[in-house]
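So this block is upload-v6.txt, compact mmCIF, C-alpha atoms:
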```txt
# COMPACT_ATOMS: atom_id res chain seq x y z
CA MET A 13 0.00 0.00 0.00
CA ASN A 14 1.47 3.37 -0.87
CA LYS A 15 1.88 6.27 1.55
CA ASN A 16 -1.05 8.32 0.26
CA GLU A 17 -3.41 5.42 0.60
CA GLU A 18 -2.25 4.87 4.18
CA ILE A 19 -2.82 8.53 4.99
CA GLU A 20 -6.31 8.51 3.48
CA LYS A 21 -7.25 5.36 5.40
CA THR A 22 -5.91 6.81 8.66
CA LEU A 23 -7.82 10.05 8.12
CA ALA A 24 -10.98 8.04 7.52
CA SER A 25 -10.48 5.86 10.60
CA LEU A 26 -12.83 8.04 12.68
CA ASP A 27 -15.65 7.75 10.14
CA ALA A 28 -18.74 5.74 11.00
CA MET A 29 -17.95 5.36 14.69
CA ASP A 30 -20.31 3.45 16.97
CA LYS A 31 -22.32 5.41 19.50
CA VAL A 32 -20.66 5.80 22.88
CA HIS A 33 -22.96 5.62 25.87
CA VAL A 34 -22.85 7.44 29.16
CA LYS A 35 -22.76 5.20 32.23
CA PRO A 36 -26.19 4.75 33.85
CA PHE A 37 -27.28 7.09 36.65
CA PHE A 38 -25.24 10.00 35.33
CA TYR A 39 -27.80 12.48 36.65
CA THR A 40 -27.77 10.91 40.14
CA ARG A 41 -24.00 11.34 40.35
CA LEU A 42 -24.24 14.87 39.00
CA GLU A 43 -26.94 15.76 41.54
CA ALA A 44 -24.79 14.41 44.40
CA ARG A 45 -21.84 16.50 43.18
CA LEU A 46 -24.00 19.60 42.92
CA GLU A 47 -25.23 19.10 46.48
CA ARG A 48 -21.66 18.62 47.71
CA LYS A 49 -20.60 21.77 45.93
CA THR A 50 -23.49 23.78 47.39
CA THR A 51 -22.69 22.59 50.94
CA LEU A 52 -19.00 23.36 50.44
CA SER A 53 -19.66 26.81 49.04
CA SER A 54 -22.01 27.66 51.94
CA LYS A 55 -19.24 26.57 54.35
CA GLU A 56 -16.76 28.67 52.41
CA ASN A 57 -19.20 31.59 52.65
CA ASN A 58 -19.41 31.16 56.43
CA VAL A 59 -15.63 31.09 56.71
CA GLY A 60 -15.47 34.19 54.51
CA TRP A 61 -17.94 36.08 56.72
CA ALA A 62 -16.09 34.99 59.88
CA LEU A 63 -12.81 36.25 58.41
CA LEU A 64 -14.40 39.53 57.36
CA ILE A 65 -15.92 40.12 60.80
CA GLY A 66 -12.59 39.21 62.44
CA LEU A 67 -10.80 41.69 60.22
CA VAL A 68 -13.28 44.47 61.07
CA ILE A 69 -12.92 43.77 64.80
CA LEU A 70 -9.14 43.81 64.47
CA ASN A 71 -9.22 47.13 62.62
CA VAL A 72 -11.56 48.72 65.14
CA GLY A 73 -9.32 47.44 67.95
CA ILE A 74 -6.21 48.91 66.36
CA TYR A 75 -7.99 52.23 65.76
CA PHE A 76 -9.08 52.59 69.39
CA ASN A 77 -5.73 51.39 70.64
CA VAL A 78 -3.86 54.04 68.67
CA ASN A 79 -6.22 56.97 69.27
CA TYR A 80 -7.33 56.44 72.84
CA LYS A 81 -4.31 54.76 74.36
CA ASP A 82 -3.50 57.72 76.68
CA ASN A 83 -7.02 58.59 77.70
CA GLY A 84 -7.41 61.30 75.15
CA ILE A 85 -4.08 63.09 75.78
CA SER A 86 -2.63 64.13 72.46
CA ASP A 87 1.02 63.83 71.46
CA ILE A 88 1.61 67.62 71.70
CA GLN A 89 0.23 67.71 75.24
CA GLN A 90 2.44 64.81 76.15
CA LEU A 91 5.52 66.58 74.76
CA THR A 92 4.66 69.81 76.58
CA GLU A 93 4.29 67.92 79.84
CA MET A 94 7.61 66.20 79.30
CA GLN A 95 9.30 69.50 78.49
CA GLU A 96 7.90 71.09 81.66
CA GLN A 97 9.04 68.16 83.71
CA TYR A 98 12.64 68.08 82.46
CA TYR A 99 13.20 71.71 81.51
CA PRO A 100 11.06 73.85 83.85
CA VAL A 101 10.75 77.49 82.87
CA THR A 102 12.71 78.47 85.96
CA GLU A 103 15.64 76.45 84.78
CA SER A 104 15.95 78.29 81.52
CA TYR A 105 19.29 79.86 80.62
CA TYR A 106 18.28 83.41 81.62
CA ALA A 107 16.76 82.27 84.87
CA LEU A 108 19.98 80.45 85.72
CA ILE A 109 22.07 83.62 84.92
CA GLU A 110 19.79 85.70 87.13
CA GLU A 111 20.03 83.15 89.88
CA TYR A 112 23.84 83.15 89.55
CA GLU A 113 24.07 86.95 89.63
CA THR A 114 21.92 87.31 92.72
CA GLU A 115 24.12 84.78 94.46
CA MET B 26 -38.86 17.54 19.17
CA GLN B 27 -39.45 20.57 21.37
CA SER B 28 -41.34 23.57 20.08
CA LYS B 29 -39.90 27.06 20.46
CA GLN B 30 -42.42 27.78 23.22
CA ASP B 31 -41.35 24.67 25.13
CA LYS B 32 -37.72 25.73 24.89
CA ILE B 33 -38.50 29.21 26.21
CA GLU B 34 -40.45 27.66 29.08
CA LEU B 35 -37.59 25.29 29.81
CA ILE B 36 -35.13 28.19 29.97
CA GLU B 37 -37.46 30.12 32.32
CA LEU B 38 -37.78 27.08 34.58
CA LEU B 39 -34.02 26.58 34.58
CA LYS B 40 -33.48 30.21 35.51
CA ALA B 41 -35.94 29.76 38.38
CA GLY B 42 -33.80 26.86 39.66
CA ASN B 43 -36.33 24.14 38.84
CA MET B 44 -34.51 20.81 39.33
CA PRO B 45 -36.84 18.59 37.25
CA ALA B 46 -36.24 20.98 34.33
CA PHE B 47 -32.51 20.70 34.92
CA LYS B 48 -32.80 16.91 34.99
CA HIS B 49 -34.63 17.02 31.67
CA LEU B 50 -31.91 19.22 30.18
CA VAL B 51 -29.15 16.92 31.42
CA GLU B 52 -30.84 13.80 30.11
CA GLU B 53 -31.35 15.41 26.75
CA ASN B 54 -27.75 16.59 26.36
CA GLN B 55 -25.60 14.22 28.43
CA LYS B 56 -24.70 11.91 25.52
CA LYS B 57 -23.41 14.58 23.22
CA VAL B 58 -21.56 16.43 25.99
CA PHE B 59 -19.97 13.17 27.19
CA ARG B 60 -18.97 12.19 23.62
CA LEU B 61 -17.43 15.59 23.00
CA CYS B 62 -15.48 15.51 26.28
CA LEU B 63 -14.32 11.96 25.56
CA GLY B 64 -12.95 13.09 22.20
CA TYR B 65 -10.76 15.55 24.07
CA VAL B 66 -9.70 13.87 27.32
CA LYS B 67 -9.54 10.29 26.00
CA ASN B 68 -10.54 8.62 29.22
CA GLU B 69 -14.11 7.63 30.04
CA GLU B 70 -13.93 8.48 33.75
CA GLU B 71 -12.44 11.86 33.13
CA ALA B 72 -14.87 12.51 30.31
CA GLU B 73 -17.69 11.92 32.80
CA ASP B 74 -16.02 14.18 35.36
CA LEU B 75 -15.67 16.87 32.72
CA ALA B 76 -19.27 16.39 31.51
CA GLN B 77 -20.43 16.87 35.11
CA GLU B 78 -18.40 20.08 35.32
CA VAL B 79 -20.08 21.27 32.13
CA PHE B 80 -23.57 20.74 33.59
CA ILE B 81 -22.57 22.35 36.89
CA GLU B 82 -21.42 25.39 34.90
CA VAL B 83 -24.73 25.34 33.00
CA HIS B 84 -26.61 25.19 36.30
CA GLU B 85 -24.62 28.05 37.79
CA SER B 86 -24.61 30.39 34.82
CA ILE B 87 -28.02 29.80 33.25
CA SER B 88 -29.03 33.27 34.46
CA SER B 89 -26.46 34.76 32.06
CA PHE B 90 -27.96 32.91 29.09
CA HIS B 91 -29.95 35.42 27.06
CA GLY B 92 -30.89 33.23 24.12
CA GLN B 93 -28.44 34.67 21.58
CA SER B 94 -27.93 31.08 20.42
CA SER B 95 -29.84 27.87 21.06
CA LEU B 96 -29.46 26.25 24.48
CA GLY B 97 -27.80 23.23 22.88
CA THR B 98 -25.19 25.40 21.14
CA TRP B 99 -24.52 27.25 24.39
CA ILE B 100 -23.98 23.95 26.24
CA TYR B 101 -21.66 22.77 23.45
CA ARG B 102 -19.68 26.01 23.76
CA ILE B 103 -19.22 25.46 27.50
CA ALA B 104 -18.17 21.85 26.83
CA VAL B 105 -15.58 22.89 24.23
CA ASN B 106 -14.14 25.58 26.50
CA LYS B 107 -13.98 23.26 29.50
CA SER B 108 -12.37 20.54 27.39
CA LEU B 109 -9.74 22.92 26.04
CA GLU B 110 -9.04 24.13 29.59
CA ARG B 111 -8.55 20.53 30.71
CA ILE B 112 -6.25 19.74 27.78
CA ARG B 113 -4.14 22.82 28.61
CA TYR B 114 -3.99 21.62 32.19
CA TYR B 115 -2.72 18.20 31.06
CA LYS B 116 -0.09 19.75 28.85
CA ARG B 117 1.01 22.12 31.63
CA SER B 118 1.24 19.35 34.20
CA LYS B 119 3.18 17.18 31.74
CA ARG B 120 5.62 20.04 31.18
CA PHE B 121 6.14 20.56 34.92
CA ALA B 122 5.86 16.89 35.94
CA TRP B 123 9.54 16.74 36.89
CA LEU B 124 9.08 19.73 39.19
CA THR B 125 5.92 18.48 40.90
CA SER B 126 7.49 15.05 41.35
CA LEU B 127 10.31 16.72 43.30
CA PHE B 128 7.75 17.89 45.87
CA GLY B 129 5.98 14.54 45.83
CA ALA B 130 2.75 16.13 44.59
CA GLU B 131 0.26 13.77 43.05
CA GLU B 132 -1.49 14.59 39.80
CA LYS B 133 -5.06 15.71 40.30
CA TYR B 134 -6.21 13.91 37.18
CA SER B 135 -4.88 10.64 35.89
CA SER B 136 -2.35 11.02 33.15
CA TYR B 137 -3.54 11.99 29.74
CA ALA B 138 -3.82 9.00 27.42
CA TYR B 139 -1.46 9.64 24.56
CA ASP B 140 -2.02 6.15 23.23
CA TRP B 141 -5.76 5.73 23.21
CA VAL B 142 -8.46 4.13 21.13
CA HIS B 143 -11.89 5.76 21.08
CA PRO B 144 -14.44 3.16 22.28
CA GLY B 145 -16.65 3.98 19.30
CA VAL B 146 -13.97 3.20 16.72
CA LYS B 147 -14.38 -0.02 14.80
CA LEU B 148 -11.86 -2.71 15.74
CA GLU B 149 -10.22 -2.80 12.32
CA ASN B 150 -9.57 0.96 12.58
CA ALA B 151 -8.19 0.91 16.13
CA GLU B 152 -4.49 1.18 15.25
CA ARG B 153 -5.06 3.86 12.63
CA SER B 154 -7.26 5.91 14.98
CA LYS B 155 -4.46 5.85 17.59
CA ILE B 156 -2.09 7.35 15.03
CA LEU B 157 -4.68 9.89 13.94
CA TYR B 158 -5.45 10.97 17.53
CA LYS B 159 -1.74 11.55 18.15
CA ALA B 160 -1.66 13.78 15.09
CA ILE B 161 -4.86 15.60 16.22
CA ASP B 162 -3.15 16.35 19.56
CA SER B 163 -0.48 18.33 17.75
CA LEU B 164 -3.03 20.71 16.20
CA PRO B 165 -3.50 24.24 17.57
CA ASP B 166 -6.58 24.71 19.82
CA LYS B 167 -9.02 26.09 17.25
CA GLN B 168 -8.08 23.61 14.53
CA HIS B 169 -8.31 20.83 17.13
CA ALA B 170 -11.79 21.97 18.20
CA THR B 171 -13.18 22.38 14.68
CA PHE B 172 -11.77 19.04 13.53
CA ILE B 173 -13.21 17.14 16.53
CA LEU B 174 -16.61 18.82 16.19
CA HIS B 175 -16.75 18.08 12.48
CA LYS B 176 -15.20 14.64 12.30
CA VAL B 177 -16.16 13.05 15.63
CA GLU B 178 -19.39 14.88 16.40
CA GLY B 179 -20.49 15.11 12.78
CA MET B 180 -21.49 18.77 13.14
CA SER B 181 -22.03 20.97 10.10
CA TYR B 182 -19.79 23.98 9.46
CA LYS B 183 -22.69 26.26 10.38
CA GLN B 184 -23.21 24.57 13.74
CA ILE B 185 -19.47 24.71 14.46
CA ALA B 186 -19.45 28.42 13.61
CA GLU B 187 -22.25 28.98 16.16
CA VAL B 188 -20.58 26.93 18.88
CA LEU B 189 -17.16 28.52 18.49
CA GLU B 190 -18.55 31.98 17.69
CA LEU B 191 -16.66 32.17 14.41
CA SER B 192 -17.66 33.07 10.87
CA LEU B 193 -18.47 30.29 8.41
CA SER B 194 -15.41 31.12 6.31
CA ALA B 195 -13.19 30.98 9.41
CA VAL B 196 -14.49 27.48 10.18
CA GLU B 197 -13.89 26.37 6.58
CA SER B 198 -10.37 27.71 6.72
CA LEU B 199 -9.66 26.09 10.11
CA ILE B 200 -10.86 22.69 8.90
CA PHE B 201 -8.86 23.03 5.69
CA ARG B 202 -5.71 23.90 7.69
CA ALA B 203 -6.39 21.12 10.21
CA ASN B 204 -6.67 18.58 7.37
CA SER B 205 -3.50 19.78 5.71
CA ASN B 206 -1.56 19.79 9.02
CA LEU B 207 -2.81 16.28 9.77
CA ARG B 208 -1.73 15.14 6.33
CA ASN B 209 1.74 16.56 6.93
CA GLU B 210 1.96 14.89 10.34
CA LEU B 211 0.84 11.55 8.94
CA GLU B 212 3.18 11.85 5.99
CA GLN B 213 6.02 12.37 8.45
CA TYR B 214 4.86 9.44 10.55
CA TYR B 215 4.66 7.00 7.63
CA LYS B 216 7.96 8.23 6.23
CA GLU B 217 9.76 7.62 9.53
CA ASP B 218 8.05 4.57 10.96
CA LYS B 219 6.23 2.53 8.47
CA LEU B 220 7.18 2.56 4.87
```
Structure translated into structure tokens:
Amino acid sequence: MNKNEEIEKTLASLDAMDKVHVKPFFYTRLEARLERKTTLSSKENNVGWALLIGLVILNVGIYFNVNYKDNGISDIQQLTEMQEQYYPVTESYYALIEEYETE
Amino acid sequence: MQSKQDKIELIELLKAGNMPAFKHLVEENQKKVFRLCLGYVKNEEEAEDLAQEVFIEVHESISSFHGQSSLGTWIYRIAVNKSLERIRYYKRSKRFAWLTSLFGAEEKYSSYAYDWVHPGVKLENAERSKILYKAIDSLPDKQHATFILHKVEGMSYKQIAEVLELSLSAVESLIFRANSNLRNELEQYYKEDKL
């Protein structure tokens, strides 16, 4: 048999195929899979909601922690208090000179 | 044969989530979807798995079906896309098999049958069909899809154009190119191995 004949026969090998049948109870198996998928996706949804709520709580917590950590005292107030504590007005350079001169 | 009114009613019922309507749809289309998937994945169990995925997709996205084509064509389109996705997955996992084996990962799907005989092929054509399927595997996606739909499913060019959303002339050209590429592949095969 020559090459062209072989090629033609091979190309025609899928002609007139017999019918292929699906295994019985295909729908039953499909229905079971659909149910499984629905249950899984509702569980996934629950996990998603739980994560979202957790994230919101975490964010709110961080917000309150940062803003209300020192009972409403702002950073500037804190700095002023610290300055007064370590460098009282009386201990300024001029006050010290005056103090020295009077001595 | 369903009338146009019946089909519209069926679509409405499907959109409303009516399960008996879905069962009717599955029973009406399961054979052709299974056959199409089998032509691609070449394994009866995986063809069934893929056919199930197709119907799950139909069930989940029926609300997006607006009747631009017939329901059957739409289902065929989903089946072709899912099959092509699966084939790409096989090819990808074959390419990276050495890497996944390093981590001891198991393949999700059994290996793709590169040496397979379609159960519908007549016994005397079994060997030739194996050779032809190997050659079909080497075709680009669109040529592969048009050839399978035409040769295995026996669809007309018009039906293929609807399923793949292509023009009639594009389908003709794809089938012509698929045939000529297959001829070249087979010529190479018989030159090297047989004659």
Contact check, chain A to chain B, at most 10 Å, counting all atoms listed in the file, closest pairs as CSV:
```
residue,atom,partner,partner_atom,distance
A:Met13,CA,B:Leu220,CA,9.0
A:Asn14,CA,B:Leu220,CA,8.1
A:Lys15,CA,B:Tyr215,CA,6.7
A:Asn16,CA,B:Glu212,CA,7.9
A:Glu18,CA,B:Tyr215,CA,8.0
A:Ile19,CA,B:Leu211,CA,6.2
A:Glu20,CA,B:Arg208,CA,8.5
A:Lys21,CA,B:Arg153,CA,7.7
A:Thr22,CA,B:Arg153,CA,5.0
A:Leu23,CA,B:Leu157,CA,6.6
A:Ala24,CA,B:Ser154,CA,8.6
A:Ser25,CA,B:Asn150,CA,5.4
A:Leu26,CA,B:Ser154,CA,6.4
A:Asp27,CA,B:Lys176,CA,7.2
A:Ala28,CA,B:Val146,CA,7.9
A:Met29,CA,B:Val146,CA,5.0
A:Asp30,CA,B:Gly145,CA,4.4
A:Lys31,CA,B:Gly145,CA,5.9
A:Val32,CA,B:Gly145,CA,5.7
A:His33,CA,B:Lys56,CA,6.5
A:Val34,CA,B:Lys56,CA,6.1
A:Lys35,CA,B:Glu73,CA,8.4
A:Phe38,CA,B:Gln55,CA,8.1
A:Tyr39,CA,B:Lys48,CA,6.9
A:Thr40,CA,B:Lys48,CA,9.4
A:Arg41,CA,B:Gln77,CA,8.4
A:Leu42,CA,B:Gln77,CA,5.8
A:Glu43,CA,B:Lys48,CA,8.9
A:Arg45,CA,B:Gln77,CA,8.2
A:Leu46,CA,B:Ile81,CA,6.8
A:Lys49,CA,B:Ile81,CA,9.3
```
_Give me the residues near Leu35 of chain B as an NGL selection string, where near means some atom within 10 Å (using all atoms listed in the file) and where sequence neighbours in that chain fewer than 5 positions away do not count._
:B and (27 or 29-30 or 40-41 or 43 or 46-47 or 49-50 or 96)
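Minimum atom-to-atom distances from B:Lys167, B:Asp162, B:Phe201, B:Leu38 to Tyr115 of chain B were compared using all atoms listed in the file, and the lowest value belongs to B:Asp162.
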*Interatomic distance between atom CA of Leu193 of chain B and atom CA of Met180 of chain B?*
12.8 Å
*Could you state the separation of atom CA of Lys32 of chain B and atom CA of Ile87 of chain B in Å, given to one decimal place?*
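One can read the atom CA of Lys32 of chain B to atom CA of Ile87 of chain B distance as 13.4 Å.
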*Can you tell me, as a list of chain:residue names, what residues are no more than 8 Å from Val105 of chain B when counting only C-alpha atoms, ignoring any on the same chain fewer than 6 positions away?*
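Selected residues are B:Leu61, B:Cys62, B:Ala170.
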*asked:* As an exercise, work out the distance from atom CA of Ile100 of chain B to atom CA of Leu39 of chain B in Å and give it to one decimal place.
replied: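 Those two atoms sit 13.3 Å apart.
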